[in-house]
Each structure stands twice: as C-alpha cells, then as structure tokens.
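Next comes final_17.txt, a file with compact mmCIF, C-alpha atoms.
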```
# COMPACT_ATOMS: atom_id res chain seq x y z
CA MET A 125 -17.97 -43.92 -3.44
CA ASN A 126 -20.87 -42.10 -5.07
CA LEU A 127 -20.54 -38.65 -6.64
CA GLN A 128 -22.31 -36.93 -3.74
CA ARG A 129 -19.86 -38.37 -1.23
CA LEU A 130 -16.90 -37.53 -3.48
CA ALA A 131 -18.08 -33.93 -3.84
CA PHE A 132 -18.46 -33.69 -0.05
CA SER A 133 -14.93 -35.04 0.48
CA LEU A 134 -13.53 -32.60 -2.08
CA ASN A 135 -15.31 -29.73 -0.31
CA THR A 136 -13.70 -30.84 2.96
CA LEU A 137 -10.30 -31.01 1.24
CA ALA A 138 -10.78 -27.55 -0.27
CA LEU A 139 -11.66 -26.01 3.11
CA ALA A 140 -8.67 -27.78 4.68
CA LEU A 141 -6.34 -26.41 1.97
CA ILE A 142 -7.69 -22.88 2.40
CA THR A 143 -7.18 -23.13 6.15
CA ALA A 144 -3.63 -24.40 5.55
CA VAL A 145 -2.82 -21.52 3.17
CA LEU A 146 -4.14 -18.98 5.70
CA ALA A 147 -2.14 -20.70 8.45
CA GLY A 148 0.96 -20.47 6.23
CA ALA A 149 0.39 -16.74 5.83
CA PHE A 150 0.24 -16.50 9.63
CA VAL A 151 3.52 -18.39 9.94
CA GLU A 152 5.17 -15.89 7.58
CA GLN A 153 3.68 -13.02 9.58
CA ILE A 154 4.65 -14.28 13.03
CA VAL A 155 7.88 -16.23 12.41
CA PHE A 156 9.44 -13.97 9.76
CA GLY A 157 7.90 -10.77 11.15
CA GLU A 158 6.41 -9.66 7.83
CA LEU A 159 3.28 -7.62 8.45
CA PRO A 160 0.54 -8.05 5.83
CA CYS A 161 -0.22 -4.99 3.68
CA PRO A 162 -3.86 -3.88 3.11
CA LEU A 163 -4.08 -5.73 -0.22
CA CYS A 164 -2.58 -8.85 1.40
CA LEU A 165 -5.31 -8.65 4.05
CA LEU A 166 -7.95 -8.30 1.32
CA GLN A 167 -6.59 -11.44 -0.36
CA ARG A 168 -6.77 -13.27 2.96
CA ALA A 169 -10.36 -12.07 3.34
CA GLY A 170 -11.07 -13.30 -0.21
CA LEU A 171 -9.79 -16.75 0.76
CA ILE A 172 -11.99 -16.68 3.85
CA ALA A 173 -15.01 -15.72 1.69
CA VAL A 174 -14.21 -18.71 -0.54
CA GLY A 175 -14.03 -20.87 2.57
CA LEU A 176 -17.46 -19.65 3.69
CA GLY A 177 -18.97 -21.20 0.54
CA PHE A 178 -17.32 -24.56 1.26
CA LEU A 179 -18.34 -24.28 4.91
CA LEU A 180 -21.98 -23.77 3.83
CA ASN A 181 -21.74 -26.91 1.68
CA LEU A 182 -20.32 -28.96 4.52
CA ARG A 183 -22.87 -27.70 7.04
CA PHE A 184 -26.08 -27.59 4.99
CA GLY A 185 -25.44 -29.85 1.99
CA ILE A 186 -24.09 -29.13 -1.46
CA GLN A 187 -26.08 -26.47 -3.29
CA PRO A 188 -25.40 -24.17 -6.28
CA LEU A 189 -26.05 -21.13 -4.05
CA HIS A 190 -23.11 -22.11 -1.85
CA TYR A 191 -20.85 -22.55 -4.86
CA GLY A 192 -22.02 -19.08 -5.93
CA VAL A 193 -20.68 -17.67 -2.65
CA THR A 194 -17.36 -19.42 -3.33
CA LEU A 195 -17.15 -18.05 -6.88
CA LEU A 196 -17.98 -14.48 -5.79
CA GLY A 197 -15.31 -14.68 -3.06
CA SER A 198 -12.80 -15.98 -5.63
CA LEU A 199 -13.55 -13.15 -8.03
CA VAL A 200 -13.08 -10.43 -5.39
CA GLY A 201 -9.91 -12.12 -4.09
CA ALA A 202 -8.55 -12.44 -7.63
CA ALA A 203 -9.31 -8.74 -8.24
CA ALA A 204 -7.27 -7.82 -5.13
CA SER A 205 -4.39 -10.04 -6.32
CA VAL A 206 -4.42 -8.55 -9.83
CA ARG A 207 -4.47 -5.06 -8.33
CA GLN A 208 -1.29 -5.83 -6.37
CA ILE A 209 0.40 -7.56 -9.32
CA LEU A 210 -0.27 -4.49 -11.48
CA LEU A 211 1.10 -2.17 -8.76
CA HIS A 212 4.46 -3.97 -9.00
CA ILE A 213 4.54 -4.83 -12.69
CA ALA A 214 6.89 -2.02 -13.76
CA PRO A 215 10.43 -3.18 -14.75
CA GLY A 216 12.88 -2.83 -11.86
CA ASP A 217 10.19 -2.92 -9.18
CA PRO A 218 11.34 -5.45 -6.56
CA GLY A 219 7.75 -6.20 -5.54
CA TYR A 220 6.33 -6.46 -2.04
CA SER A 221 7.86 -8.97 0.36
CA LYS A 222 9.94 -12.01 -0.55
CA ALA A 223 9.40 -14.30 -3.54
CA VAL A 224 8.47 -17.94 -2.95
CA PHE A 225 9.49 -20.37 -5.73
CA GLY A 226 10.07 -17.40 -8.02
CA PHE A 227 6.72 -15.70 -7.49
CA HIS A 228 5.56 -13.20 -4.92
CA LEU A 229 2.74 -14.27 -2.61
CA TYR A 230 0.18 -12.06 -4.38
CA THR A 231 0.98 -13.83 -7.67
CA TRP A 232 0.52 -17.20 -5.96
CA SER A 233 -2.69 -15.81 -4.51
CA PHE A 234 -4.00 -15.03 -8.01
CA VAL A 235 -3.04 -18.54 -9.20
CA THR A 236 -4.88 -19.97 -6.18
CA PHE A 237 -8.08 -18.03 -6.91
CA VAL A 238 -8.03 -19.13 -10.56
CA CYS A 239 -7.52 -22.75 -9.45
CA ILE A 240 -10.45 -22.40 -7.05
CA ILE A 241 -12.71 -21.12 -9.84
CA ALA A 242 -11.65 -24.07 -12.04
CA GLY A 243 -12.09 -26.48 -9.12
CA VAL A 244 -15.61 -25.22 -8.36
CA ALA A 245 -16.50 -25.66 -12.05
CA VAL A 246 -15.42 -29.33 -11.76
CA LEU A 247 -17.36 -29.73 -8.50
CA LEU A 248 -20.46 -28.26 -10.15
CA CYS A 249 -20.09 -30.86 -12.92
CA LEU A 250 -19.82 -33.62 -10.29
CA SER A 251 -22.93 -32.46 -8.46
CA ASN A 252 -25.51 -33.26 -11.11
CA LYS A 253 -28.12 -33.97 -8.46
CA PHE A 254 -28.12 -31.48 -5.62
CA GLN A 255 -29.35 -32.53 -2.21
CA ASN A 256 -31.87 -29.78 -1.63
CA GLY A 257 -30.35 -28.79 1.69
CA ARG A 258 -29.82 -32.26 3.14
CA PRO A 259 -26.30 -32.31 4.56
CA VAL A 260 -24.14 -35.40 4.16
CA VAL A 261 -23.35 -36.81 7.58
CA SER A 262 -20.02 -35.25 8.51
CA GLY A 263 -17.27 -37.10 10.35
CA LYS A 264 -14.71 -35.99 12.87
CA VAL A 265 -12.27 -34.84 10.19
CA THR A 266 -14.85 -32.49 8.66
CA GLY A 267 -15.70 -31.16 12.12
CA LEU A 268 -12.04 -30.52 12.85
CA VAL A 269 -11.54 -28.75 9.51
CA MET A 270 -14.56 -26.49 10.18
CA LEU A 271 -13.23 -25.70 13.66
CA ALA A 272 -9.74 -24.95 12.32
CA PHE A 273 -11.28 -22.59 9.75
CA LEU A 274 -13.17 -20.75 12.51
CA VAL A 275 -9.94 -20.42 14.53
CA ILE A 276 -8.12 -18.99 11.50
CA VAL A 277 -10.91 -16.44 10.94
CA VAL A 278 -10.71 -15.35 14.59
CA GLY A 279 -6.92 -15.19 14.30
CA ASN A 280 -7.15 -12.90 11.28
CA LEU A 281 -9.67 -10.65 13.06
CA VAL A 282 -7.43 -10.30 16.13
CA SER A 283 -4.28 -9.84 14.03
CA THR A 284 -5.90 -7.14 11.90
CA LEU A 285 -7.15 -5.29 14.96
CA LEU A 286 -3.67 -5.44 16.53
CA GLU A 287 -2.04 -4.24 13.30
CA CYS A 288 -4.48 -1.58 12.12
CA GLY A 289 -6.80 -0.86 15.05
CA LEU A 290 -10.18 0.56 14.06
CA THR A 291 -8.76 2.75 11.30
CA GLN A 292 -7.38 2.24 7.80
CA CYS A 293 -4.27 0.06 7.60
CA ALA A 294 -0.95 1.66 6.67
CA ASP A 295 0.09 1.11 3.03
CA ASP A 296 3.47 -0.30 4.06
CA PRO A 297 3.02 -1.46 7.67
CA VAL A 298 6.12 -1.81 9.86
CA ARG A 299 4.52 -2.09 13.30
CA TYR A 300 1.41 -3.27 15.11
CA LEU A 301 -0.61 -0.13 15.92
CA TRP A 302 -2.48 -1.48 18.95
CA LEU A 303 0.43 -3.53 20.31
CA ASP A 304 2.67 -0.44 20.23
CA SER A 305 -0.02 1.66 21.92
CA LEU A 306 -0.41 -0.97 24.64
CA SER A 307 3.34 -1.23 25.26
CA ARG A 308 3.61 2.59 25.43
CA THR A 309 0.75 2.67 27.96
CA PHE A 310 2.45 0.06 30.14
CA LYS A 311 5.80 1.89 29.94
CA ALA A 312 4.13 5.17 30.93
CA HIS A 313 2.79 3.54 34.10
CA MET B 617 -10.23 -3.56 7.37
CA TYR B 618 -11.26 -5.32 10.57
CA ILE B 619 -14.91 -5.01 9.52
CA VAL B 620 -14.46 -7.65 6.78
CA PHE B 621 -12.98 -10.17 9.20
CA LEU B 622 -15.61 -9.33 11.81
CA LEU B 623 -18.38 -10.01 9.28
CA ALA B 624 -16.65 -13.22 8.18
CA PHE B 625 -16.46 -14.32 11.81
CA ILE B 626 -20.17 -13.59 12.33
CA SER B 627 -20.97 -15.51 9.11
CA CYS B 628 -18.95 -18.49 10.37
CA LEU B 629 -20.75 -18.49 13.70
CA LEU B 630 -24.17 -18.28 12.00
CA ILE B 631 -23.31 -21.14 9.63
CA LEU B 632 -21.91 -23.37 12.37
CA ALA B 633 -24.93 -22.59 14.58
CA GLY B 634 -27.18 -23.96 11.81
CA HIS B 635 -28.71 -20.78 10.38
CA ASP B 636 -28.87 -21.61 6.67
CA ARG B 637 -30.43 -18.54 5.02
CA ILE B 638 -28.98 -15.98 7.45
CA GLY B 639 -25.56 -17.63 7.03
CA VAL B 640 -25.72 -17.28 3.26
CA THR B 641 -26.92 -13.66 3.57
CA ALA B 642 -24.12 -12.83 6.01
CA SER B 643 -21.57 -14.45 3.68
CA LEU B 644 -22.83 -12.39 0.73
CA ILE B 645 -22.72 -9.21 2.84
CA THR B 646 -19.11 -10.09 3.79
CA ILE B 647 -18.18 -10.39 0.10
CA ALA B 648 -19.98 -7.13 -0.75
CA VAL B 649 -18.12 -5.28 2.02
CA LEU B 650 -14.85 -6.89 0.89
CA ALA B 651 -15.47 -5.64 -2.66
CA GLY B 652 -16.33 -2.20 -1.28
CA VAL B 653 -13.11 -2.02 0.74
CA LEU B 654 -11.15 -3.07 -2.36
CA VAL B 655 -12.78 -0.30 -4.40
CA HIS B 656 -11.99 2.11 -1.55
CA HIS B 657 -8.37 0.97 -1.58
CA MET B 658 -8.12 1.55 -5.32
CA THR B 659 -9.91 4.91 -5.45
CA ASP B 660 -9.68 6.36 -1.92
CA LYS B 661 -12.94 8.12 -2.68
CA LEU B 662 -15.44 6.33 -0.46
CA PRO B 663 -16.27 8.15 2.80
CA ILE B 664 -15.18 5.27 5.02
CA SER B 665 -12.30 4.58 7.36
CA LEU B 666 -12.16 0.82 7.78
```

Turn this file's structure into structure tokens for me.
Amino acid sequence: MNLQRLAFSLNTLALALITAVLAGAFVEQIVFGELPCPLCLLQRAGLIAVGLGFLLNLRFGIQPLHYGVTLLGSLVGAAASVRQILLHIAPGDPGYSKAVFGFHLYTWSFVTFVCIIAGVAVLLCLSNKFQNGRPVVSGKVTGLVMLAFLVIVVGNLVSTLLECGLTQCADDPVRYLWLDSLSRTFKAH
Amino acid sequence: MYIVFLLAFISCLLILAGHDRIGVTASLITIAVLAGVLVHHMTDKLPISL
C-alpha cells in the first residue's frame, strides 16, 4: 500500500471515528435523556468542522488546505472544551453531566481535539506528495462513511432546533423548547 | 446555535455535490461562525441571538 492510499484510508478512518463519537453523544442525549449544553453543542460543531476537512480530502483529494480546515476546527473545538473545563475546575464543583472513565465528556472532548491535531500532523508527514486535487477512487465504505457523516450533521441541526429553537440555548437545558411548544399547541386543540 | 449546524450542513452538501472551492469557503465560514458563537458565549457582548 503506497503512502497516498494509506493517507486516504486514515482519512476515512478519522471521519468514521468522528461520526461514531457524534453518534455516541446522540445516544447519551436520547437514551439517557441528557440534553447538551451550549458549550457541548459547540464542541459537537467543532468535531463536525474537523470532519469537514476530512470530507474535503475524501471528496477532492488530499491537500494541505483541507488539513488546514481540520486544524482550525480542532482549535476552535479545543477552545470550547477548555472553556468548559475551566468553568468546572474549582474544588468541589461536581462538573456538568456524568463522568465517563473518570473524566467528564468535555475533558474527553479536549483530549480528542488534541489527538486530532497530533494525528493531522502525522498525516501531513505521510503526504509528502500532494495530489493537486485528484481524488483517490473511493470505495463503498468511504461512501457510506461520508453519508453517515451527513446524516449526523442533519441530526445535530434538527436536535438543536428542537432544543433551542431560533434563539440562544439555555445555559442548563432541561427541556426541548420546540417539542414542548408543539405538545402545548396540540393539547390546546 | 442552529446557524453553525445549518452552515455545516450546507458545507457538507456543497462538498458532496462536488463544489471544491465553494465547499472549502463554506467550511471556513462555518468555523468562523463557530468561533464567533464561542466568543459570544464567553463574553455575551456580541449583538446576536443564535
């Protein structure tokens, strides 16, 4: 397997992992009924921005510009994670939501963004000859991963609209704004 | 907040539809808006309600 092909496969794997992490966040939201806070949503959006860079690589070929998109998304996502970590850093603060393997999700989120930055650095080292926009022929798996990513993005858009509507999200959300409005409307009729 | 996900969705569609340059531009705009919303969250000073 040449380096170009390896880099393409790693980009597919990275997009698949990002999609899986976002799907996991959805499972926590829907199954355990934990609504995402505004900073949690920003971290999700950061992951999606990272995914856009990988998606560009898979669709149009591996280019430094696309890795730049990934790095910028990582930096903004990491900033949102650090912001939330610092909000709960005081001794005695229980933090937001449950801890998973000893860390809260926003801490894991920060670790993820740092790993992505390190991973992109490795991928940039692998891609010593860029393809100048020629995409590697993608298989069914890559197509499925790209489709799954699109579905997750749509899911986040719909979920955010249901939770926050067209206004600012509540700092500590306990209900879906639009879903409650809809149910009240139906009850009134 | 929805505006970030809406822009990300539009970026995805543009990329998957094969628009290279516009896809990159839309992705960068998404990140810029995301950064703006983060700053707004931290300062609450920007005149937006997203």

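Considering only C-alpha atoms, the residue among B:Val649, B:Asp660, B:Tyr618, B:Ser643 positioned nearest to Ile631 of chain B is B:Ser643.
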
Counting all atoms listed in the file, which residues of chain A sit at most 10 Å from some atom of chain B, and what is each one's closest atom pair with its distance in Å to one decimal, listed by chain and rising residue number, as a tab-separated table?
```
residue	atom	partner	partner_atom	distance
A:Pro162	CA	B:Met617	CA	7.7
A:Leu163	CA	B:Leu654	CA	7.9
A:Leu165	CA	B:Met617	CA	7.8
A:Leu166	CA	B:Leu650	CA	7.1
A:Gln167	CA	B:Leu650	CA	9.5
A:Arg168	CA	B:Phe621	CA	9.3
A:Ala169	CA	B:Phe621	CA	6.7
A:Gly170	CA	B:Leu650	CA	7.5
A:Ile172	CA	B:Ala624	CA	7.2
A:Ala173	CA	B:Ile647	CA	6.4
A:Val174	CA	B:Ile647	CA	9.2
A:Gly175	CA	B:Cys628	CA	9.5
A:Leu176	CA	B:Ser643	CA	6.6
A:Gly177	CA	B:Ser643	CA	7.9
A:Leu179	CA	B:Ile631	CA	7.5
A:Leu180	CA	B:Ile631	CA	6.5
A:Asn181	CA	B:Ile631	CA	9.9
A:Leu182	CA	B:Leu632	CA	9.8
A:Arg183	CA	B:Leu632	CA	6.9
A:Phe184	CA	B:Asp636	CA	6.8
A:Leu189	CA	B:Val640	CA	8.3
A:His190	CA	B:Val640	CA	7.5
A:Gly192	CA	B:Leu644	CA	9.5
A:Val193	CA	B:Leu644	CA	6.6
A:Thr194	CA	B:Ser643	CA	9.6
A:Leu196	CA	B:Ile647	CA	7.2
A:Gly197	CA	B:Ile647	CA	6.1
A:Ser198	CA	B:Ile647	CA	9.6
A:Leu199	CA	B:Ala651	CA	9.4
A:Val200	CA	B:Ala651	CA	6.0
A:Gly201	CA	B:Ala651	CA	8.7
A:Ala203	CA	B:Leu654	CA	8.4
A:Ala204	CA	B:Leu654	CA	6.7
A:Arg207	CA	B:Met658	CA	8.1
A:Gly257	CA	B:Asp636	CA	8.9
A:Gly267	CA	B:Leu632	CA	10.0
A:Met270	CA	B:Leu632	CA	8.3
A:Leu271	CA	B:Leu632	CA	9.1
A:Phe273	CA	B:Cys628	CA	8.7
A:Leu274	CA	B:Cys628	CA	6.6
A:Val275	CA	B:Phe625	CA	9.3
A:Ile276	CA	B:Phe625	CA	9.6
A:Val277	CA	B:Phe625	CA	6.0
A:Val278	CA	B:Phe625	CA	6.5
A:Gly279	CA	B:Phe621	CA	9.4
A:Asn280	CA	B:Phe621	CA	6.8
A:Leu281	CA	B:Phe621	CA	5.1
A:Val282	CA	B:Tyr618	CA	8.4
A:Ser283	CA	B:Tyr618	CA	9.0
A:Thr284	CA	B:Tyr618	CA	5.8
A:Leu285	CA	B:Tyr618	CA	6.0
A:Leu286	CA	B:Tyr618	CA	9.7
A:Glu287	CA	B:Tyr618	CA	9.7
A:Cys288	CA	B:Met617	CA	7.7
A:Gly289	CA	B:Tyr618	CA	7.7
A:Leu290	CA	B:Leu666	CA	6.6
A:Thr291	CA	B:Leu666	CA	5.3
A:Gln292	CA	B:Leu666	CA	5.0
A:Cys293	CA	B:Met617	CA	7.0
A:Asp295	CA	B:His657	CA	9.6
```

Emit the selected residues as a tab-separated table (two decimals), in the coordinates of the input, including C-alpha atoms.
```
chain	number	residue	atom	x	y	z
A	162	PRO	CA	-3.86	-3.88	3.11
A	163	LEU	CA	-4.08	-5.73	-0.22
A	165	LEU	CA	-5.31	-8.65	4.05
A	166	LEU	CA	-7.95	-8.30	1.32
A	167	GLN	CA	-6.59	-11.44	-0.36
A	168	ARG	CA	-6.77	-13.27	2.96
A	169	ALA	CA	-10.36	-12.07	3.34
A	170	GLY	CA	-11.07	-13.30	-0.21
A	172	ILE	CA	-11.99	-16.68	3.85
A	173	ALA	CA	-15.01	-15.72	1.69
A	174	VAL	CA	-14.21	-18.71	-0.54
A	175	GLY	CA	-14.03	-20.87	2.57
A	176	LEU	CA	-17.46	-19.65	3.69
A	177	GLY	CA	-18.97	-21.20	0.54
A	179	LEU	CA	-18.34	-24.28	4.91
A	180	LEU	CA	-21.98	-23.77	3.83
A	181	ASN	CA	-21.74	-26.91	1.68
A	182	LEU	CA	-20.32	-28.96	4.52
A	183	ARG	CA	-22.87	-27.70	7.04
A	184	PHE	CA	-26.08	-27.59	4.99
A	189	LEU	CA	-26.05	-21.13	-4.05
A	190	HIS	CA	-23.11	-22.11	-1.85
A	192	GLY	CA	-22.02	-19.08	-5.93
A	193	VAL	CA	-20.68	-17.67	-2.65
A	194	THR	CA	-17.36	-19.42	-3.33
A	196	LEU	CA	-17.98	-14.48	-5.79
A	197	GLY	CA	-15.31	-14.68	-3.06
A	198	SER	CA	-12.80	-15.98	-5.63
A	199	LEU	CA	-13.55	-13.15	-8.03
A	200	VAL	CA	-13.08	-10.43	-5.39
A	201	GLY	CA	-9.91	-12.12	-4.09
A	203	ALA	CA	-9.31	-8.74	-8.24
A	204	ALA	CA	-7.27	-7.82	-5.13
A	207	ARG	CA	-4.47	-5.06	-8.33
A	257	GLY	CA	-30.35	-28.79	1.69
A	267	GLY	CA	-15.70	-31.16	12.12
A	270	MET	CA	-14.56	-26.49	10.18
A	271	LEU	CA	-13.23	-25.70	13.66
A	273	PHE	CA	-11.28	-22.59	9.75
A	274	LEU	CA	-13.17	-20.75	12.51
A	275	VAL	CA	-9.94	-20.42	14.53
A	276	ILE	CA	-8.12	-18.99	11.50
A	277	VAL	CA	-10.91	-16.44	10.94
A	278	VAL	CA	-10.71	-15.35	14.59
A	279	GLY	CA	-6.92	-15.19	14.30
A	280	ASN	CA	-7.15	-12.90	11.28
A	281	LEU	CA	-9.67	-10.65	13.06
A	282	VAL	CA	-7.43	-10.30	16.13
A	283	SER	CA	-4.28	-9.84	14.03
A	284	THR	CA	-5.90	-7.14	11.90
A	285	LEU	CA	-7.15	-5.29	14.96
A	286	LEU	CA	-3.67	-5.44	16.53
A	287	GLU	CA	-2.04	-4.24	13.30
A	288	CYS	CA	-4.48	-1.58	12.12
A	289	GLY	CA	-6.80	-0.86	15.05
A	290	LEU	CA	-10.18	0.56	14.06
A	291	THR	CA	-8.76	2.75	11.30
A	292	GLN	CA	-7.38	2.24	7.80
A	293	CYS	CA	-4.27	0.06	7.60
A	295	ASP	CA	0.09	1.11	3.03
```

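Atom pair atom CA of Ala272 of chain A / atom CA of Arg129 of chain A has a distance of 21.6 Å (rounded to one decimal).
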
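Between atom CA of Asp304 of chain A and atom CA of Thr143 of chain A the interatomic distance comes to 28.5 Å.
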
Completion exercise
Students should find that atom CA of Phe234 of chain A and atom CA of Ser205 of chain A are spaced 5.3 Å

Exercise for the section: Might you pull out every residue within 12 Å of Leu134 of chain A, with all atoms listed in the file counted and same-chain residues fewer than 3 positions away left off, and present them as a VMD selection string? Expected result: chain A and resid 127 to 131 137 to 141 178 to 179 181 to 182 186 240 243 to 244 246 to 248 250 to 251 266

How big is the axis-aligned box around the listed atoms of segment 641-646 of chain B once 5 Å is added on each side, and where is its centre? Give both in Å to one decimal, as JSON.
```
{"center_x": -23.0, "center_y": -11.8, "center_z": 3.4, "size_x": 17.8, "size_y": 15.2, "size_z": 15.3}
```

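Minimum atom-to-atom distance to Tyr220 of chain A, evaluated using only C-alpha atoms, belongs to A:Asp296 out of A:Leu303, A:Ser133, A:Val238, A:Asp296.
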